[in-house]
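Only one structure is covered here, and it is reproduced in the block below.
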Amino acid sequence: MAEVGILRDDDRVELIKGEIVEMSPIGRRHKAFVANLGQLLILRLASRALVHVQSGVVLADDTEPEPDVAVLRRRAVPYKEREAHAEDVLLLIEVADTSLAYDRSTKQRLYAEARIPEYWVVDCAAEAVEVHRDPGPEGYRDVRRLTGVATLALLAFSDVEMTLAEVFA
């Protein structure tokens, strides 16, 4: 649609089950936490994985959400030649300022159906992170909410950790 002029490059939309869905506006805290997560993951993962910030991931022919942060496996076909697909994803992160209910319901179901192994919902208001693992047809079977002085560790790279204080700095 962007190629034929229906959508502009700066339109904040994503394709969900064949529908174009307008994304929530990005506030100051949202921007800050996305930037923190991106920087922390890039530094800690170095050459082990790729970190994409606010880029689409193809889950199906009719579904291409745009998570705030995606950690992708390295692959033989470069991402410049083929978009990121569900099988490339190690971790997806949604930072929720005004979209918390949507990220906990619609996005969580989409990501579980696509077998995304790990999904984090960053709750800006509560400064907490919900870690979703073990996807299945009914959603994620392992869900934990981390608050306070907790430490996050990636499922795909258990040696990569970050504190909530770093995320919410």
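Following the order of the structure tokens, chains are lettered A, B, ..., residues in each are numbered from 1, and ligands are numbered from 1.
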Task: Exercise: A:Glu130 partners within 12 Å, only C-alpha atoms, chain neighbours under 2 positions left out, as a PyMOL selection string - done: chain A and resi 92-96+100+103-104+108+118-124+126-128+132-133+140+142-147+150-152+164
- [ ] May I have the residues within 8 Å of stretch 67-76 of chain A as a ChimeraX atom specification, using only C-alpha atoms and disregarding those fewer than 2 positions away in the same chain?
- [x] /A:34,37-38,48-57,65,78,84,88-95
Any chance you can output those residues with N, CA and C atoms as a compact mmCIF listing (two decimals), in the first residue's frame?
# COMPACT_ATOMS: atom_id res chain seq x y z
N VAL A 34 12.25 2.00 24.95
CA VAL A 34 12.64 1.30 23.72
C VAL A 34 14.12 1.55 23.44
N LEU A 37 16.24 -0.51 25.95
CA LEU A 37 16.24 -1.94 25.60
C LEU A 37 17.09 -2.20 24.36
N GLY A 38 16.92 -1.38 23.35
CA GLY A 38 17.70 -1.56 22.13
C GLY A 38 19.19 -1.49 22.39
N ARG A 48 26.13 -12.05 18.23
CA ARG A 48 25.41 -13.32 18.41
C ARG A 48 24.01 -13.31 17.79
N ALA A 49 23.39 -12.14 17.72
CA ALA A 49 22.04 -12.00 17.17
C ALA A 49 21.89 -10.57 16.67
N LEU A 50 20.82 -10.33 15.93
CA LEU A 50 20.52 -8.98 15.45
C LEU A 50 19.39 -8.39 16.28
N VAL A 51 19.47 -7.11 16.51
CA VAL A 51 18.42 -6.42 17.24
C VAL A 51 17.80 -5.40 16.30
N HIS A 52 16.50 -5.56 16.03
CA HIS A 52 15.76 -4.62 15.20
C HIS A 52 14.82 -3.83 16.10
N VAL A 53 14.77 -2.53 15.89
CA VAL A 53 13.90 -1.66 16.67
C VAL A 53 12.81 -1.12 15.76
N GLN A 54 11.57 -1.33 16.18
CA GLN A 54 10.37 -0.86 15.49
C GLN A 54 10.39 -1.20 14.00
N SER A 55 10.57 -2.50 13.73
CA SER A 55 10.54 -3.03 12.37
C SER A 55 9.55 -4.18 12.33
N GLY A 56 8.93 -4.37 11.17
CA GLY A 56 7.93 -5.41 11.02
C GLY A 56 8.51 -6.81 11.04
N VAL A 57 7.67 -7.76 11.45
CA VAL A 57 7.99 -9.18 11.43
C VAL A 57 6.82 -9.89 10.77
N PRO A 65 3.00 -7.56 12.29
CA PRO A 65 3.06 -6.55 13.36
C PRO A 65 4.42 -5.87 13.37
N PRO A 78 20.46 -12.71 3.99
CA PRO A 78 20.47 -11.44 4.74
C PRO A 78 19.07 -10.82 4.83
N ALA A 84 12.16 -10.28 8.08
CA ALA A 84 12.16 -11.16 9.25
C ALA A 84 10.83 -11.89 9.31
N ASP A 88 12.58 -16.62 12.45
CA ASP A 88 13.82 -15.89 12.70
C ASP A 88 13.87 -15.30 14.11
N VAL A 89 12.73 -15.23 14.76
CA VAL A 89 12.60 -14.48 16.02
C VAL A 89 13.02 -15.32 17.22
N LEU A 90 13.86 -14.72 18.05
CA LEU A 90 14.23 -15.30 19.34
C LEU A 90 13.46 -14.64 20.48
N LEU A 91 13.18 -13.34 20.33
CA LEU A 91 12.47 -12.57 21.36
C LEU A 91 11.79 -11.38 20.70
N LEU A 92 10.54 -11.14 21.07
CA LEU A 92 9.85 -9.91 20.68
C LEU A 92 9.49 -9.14 21.94
N ILE A 93 9.59 -7.82 21.85
CA ILE A 93 9.28 -6.96 22.99
C ILE A 93 8.32 -5.87 22.54
N GLU A 94 7.24 -5.72 23.30
CA GLU A 94 6.32 -4.60 23.11
C GLU A 94 6.42 -3.72 24.35
N VAL A 95 6.66 -2.44 24.14
CA VAL A 95 6.69 -1.48 25.23
C VAL A 95 5.32 -0.81 25.26
Residues of stretch 2-169 of chain A classed as alpha helix (DSSP H) by DSSP on the backbone are to be reported as an mmCIF file with N, CA and C atoms, in the first residue's frame.
data_model
loop_
_atom_site.group_PDB
_atom_site.id
_atom_site.type_symbol
_atom_site.label_atom_id
_atom_site.label_comp_id
_atom_site.auth_asym_id
_atom_site.auth_seq_id
_atom_site.Cartn_x
_atom_site.Cartn_y
_atom_site.Cartn_z
ATOM 1 N N ARG A 28 7.015 9.945 25.530
ATOM 2 C CA ARG A 28 8.396 10.136 26.010
ATOM 3 C C ARG A 28 8.942 8.901 26.724
ATOM 4 N N ARG A 29 8.162 8.339 27.658
ATOM 5 C CA ARG A 29 8.626 7.159 28.404
ATOM 6 C C ARG A 29 8.775 5.959 27.474
ATOM 7 N N HIS A 30 7.840 5.797 26.562
ATOM 8 C CA HIS A 30 7.909 4.702 25.591
ATOM 9 C C HIS A 30 9.211 4.798 24.792
ATOM 10 N N LYS A 31 9.487 5.974 24.263
ATOM 11 C CA LYS A 31 10.724 6.185 23.486
ATOM 12 C C LYS A 31 11.956 5.853 24.319
ATOM 13 N N ALA A 32 11.976 6.329 25.556
ATOM 14 C CA ALA A 32 13.134 6.122 26.428
ATOM 15 C C ALA A 32 13.359 4.641 26.704
ATOM 16 N N PHE A 33 12.283 3.902 27.007
ATOM 17 C CA PHE A 33 12.442 2.485 27.351
ATOM 18 C C PHE A 33 12.792 1.648 26.124
ATOM 19 N N VAL A 34 12.252 2.005 24.953
ATOM 20 C CA VAL A 34 12.636 1.302 23.719
ATOM 21 C C VAL A 34 14.117 1.548 23.443
ATOM 22 N N ALA A 35 14.558 2.788 23.601
ATOM 23 C CA ALA A 35 15.973 3.113 23.371
ATOM 24 C C ALA A 35 16.869 2.358 24.347
ATOM 25 N N ASN A 36 16.484 2.316 25.627
ATOM 26 C CA ASN A 36 17.277 1.588 26.621
ATOM 27 C C ASN A 36 17.380 0.107 26.258
ATOM 28 N N LEU A 37 16.239 -0.509 25.953
ATOM 29 C CA LEU A 37 16.244 -1.937 25.600
ATOM 30 C C LEU A 37 17.087 -2.200 24.365
ATOM 31 N N GLY A 38 16.918 -1.380 23.347
ATOM 32 C CA GLY A 38 17.701 -1.557 22.127
ATOM 33 C C GLY A 38 19.193 -1.488 22.393
ATOM 34 N N GLN A 39 19.613 -0.472 23.130
ATOM 35 C CA GLN A 39 21.034 -0.304 23.438
ATOM 36 C C GLN A 39 21.564 -1.450 24.290
ATOM 37 N N LEU A 40 20.824 -1.821 25.326
ATOM 38 C CA LEU A 40 21.264 -2.908 26.205
ATOM 39 C C LEU A 40 21.419 -4.215 25.426
ATOM 40 N N LEU A 41 20.441 -4.530 24.601
ATOM 41 C CA LEU A 41 20.496 -5.783 23.840
ATOM 42 C C LEU A 41 21.592 -5.776 22.777
ATOM 43 N N ILE A 42 21.748 -4.667 22.088
ATOM 44 C CA ILE A 42 22.805 -4.578 21.071
ATOM 45 C C ILE A 42 24.175 -4.777 21.713
ATOM 46 N N LEU A 43 24.411 -4.113 22.833
ATOM 47 C CA LEU A 43 25.711 -4.235 23.499
ATOM 48 C C LEU A 43 25.949 -5.645 24.047
ATOM 49 N N ARG A 44 24.924 -6.243 24.628
ATOM 50 C CA ARG A 44 25.104 -7.547 25.265
ATOM 51 C C ARG A 44 25.119 -8.702 24.264
ATOM 52 N N LEU A 45 24.431 -8.543 23.149
ATOM 53 C CA LEU A 45 24.387 -9.641 22.173
ATOM 54 C C LEU A 45 25.506 -9.552 21.135
ATOM 55 N N LEU A 100 -1.287 -1.380 26.680
ATOM 56 C CA LEU A 100 -1.068 -2.546 27.534
ATOM 57 C C LEU A 100 -2.112 -3.644 27.308
ATOM 58 N N ALA A 101 -3.373 -3.315 27.279
ATOM 59 C CA ALA A 101 -4.425 -4.331 27.094
ATOM 60 C C ALA A 101 -4.284 -5.019 25.743
ATOM 61 N N TYR A 102 -3.995 -4.268 24.703
ATOM 62 C CA TYR A 102 -3.823 -4.813 23.349
ATOM 63 C C TYR A 102 -2.607 -5.740 23.283
ATOM 64 N N GLN A 108 -0.239 -10.873 22.213
ATOM 65 C CA GLN A 108 0.179 -12.100 22.886
ATOM 66 C C GLN A 108 -0.340 -13.324 22.142
ATOM 67 N N ARG A 109 -1.604 -13.301 21.727
ATOM 68 C CA ARG A 109 -2.173 -14.433 20.975
ATOM 69 C C ARG A 109 -1.471 -14.620 19.632
ATOM 70 N N LEU A 110 -1.244 -13.515 18.919
ATOM 71 C CA LEU A 110 -0.568 -13.593 17.624
ATOM 72 C C LEU A 110 0.820 -14.213 17.758
ATOM 73 N N TYR A 111 1.563 -13.749 18.740
ATOM 74 C CA TYR A 111 2.928 -14.225 18.919
ATOM 75 C C TYR A 111 2.960 -15.682 19.376
ATOM 76 N N ALA A 112 2.045 -16.072 20.232
ATOM 77 C CA ALA A 112 1.981 -17.473 20.664
ATOM 78 C C ALA A 112 1.592 -18.378 19.492
ATOM 79 N N GLU A 113 0.600 -17.960 18.703
ATOM 80 C CA GLU A 113 0.180 -18.745 17.528
ATOM 81 C C GLU A 113 1.333 -18.923 16.546
ATOM 82 N N LEU A 164 15.994 -4.540 35.759
ATOM 83 C CA LEU A 164 14.879 -3.638 35.465
ATOM 84 C C LEU A 164 15.322 -2.194 35.656
ATOM 85 N N ALA A 165 16.236 -1.948 36.590
ATOM 86 C CA ALA A 165 16.751 -0.592 36.788
ATOM 87 C C ALA A 165 17.411 -0.079 35.502
ATOM 88 N N GLU A 166 18.104 -0.957 34.771
ATOM 89 C CA GLU A 166 18.723 -0.546 33.507
ATOM 90 C C GLU A 166 17.653 -0.264 32.445
ATOM 91 N N VAL A 167 16.660 -1.112 32.377
ATOM 92 C CA VAL A 167 15.603 -0.937 31.385
ATOM 93 C C VAL A 167 14.853 0.361 31.628
#
Task: Å distance separating atom CA of A:Lys17 from atom CA of A:Leu59, one decimal place - done: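 For atom CA of A:Lys17 relative to atom CA of A:Leu59, the distance reads 9.6 Å.
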Task: Test item, strand (DSSP E or B) assignment across chain A, answer as a ChimeraX atom specification - done: /A:13-16,19-22,50-53,58,60,63-64,69-72,85,89-96,118-123,128-136,139-146,151-153,161-163
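Here atom CA of A:Leu155 and atom CA of A:His85 stand 18.6 Å from one another.
Distance check against A:Pro117 using only C-alpha atoms: of A:Ala86, A:Val160, A:Ala153, A:Val58, the minimum falls on A:Ala86.
Ranking A:Glu64, A:Ala125, A:Arg141, A:Ile20 by their shortest atom-to-atom distance to A:Thr98, with only C-alpha atoms included, puts A:Ala125 first.
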- [ ] Rank A:Gly148, A:Glu19, A:Phe157, A:Glu81 by their smallest atom-to-atom distance to A:Asp61, using only C-alpha atoms, and report the top residue only.
- [x] A:Glu19
TODO: Compare A:Ser99, A:Val131, A:Ser105, A:Arg82 by their minimum atom-to-atom distance to A:Glu22, counting only C-alpha atoms, and give me the closest one.
DONE: A:Ser99
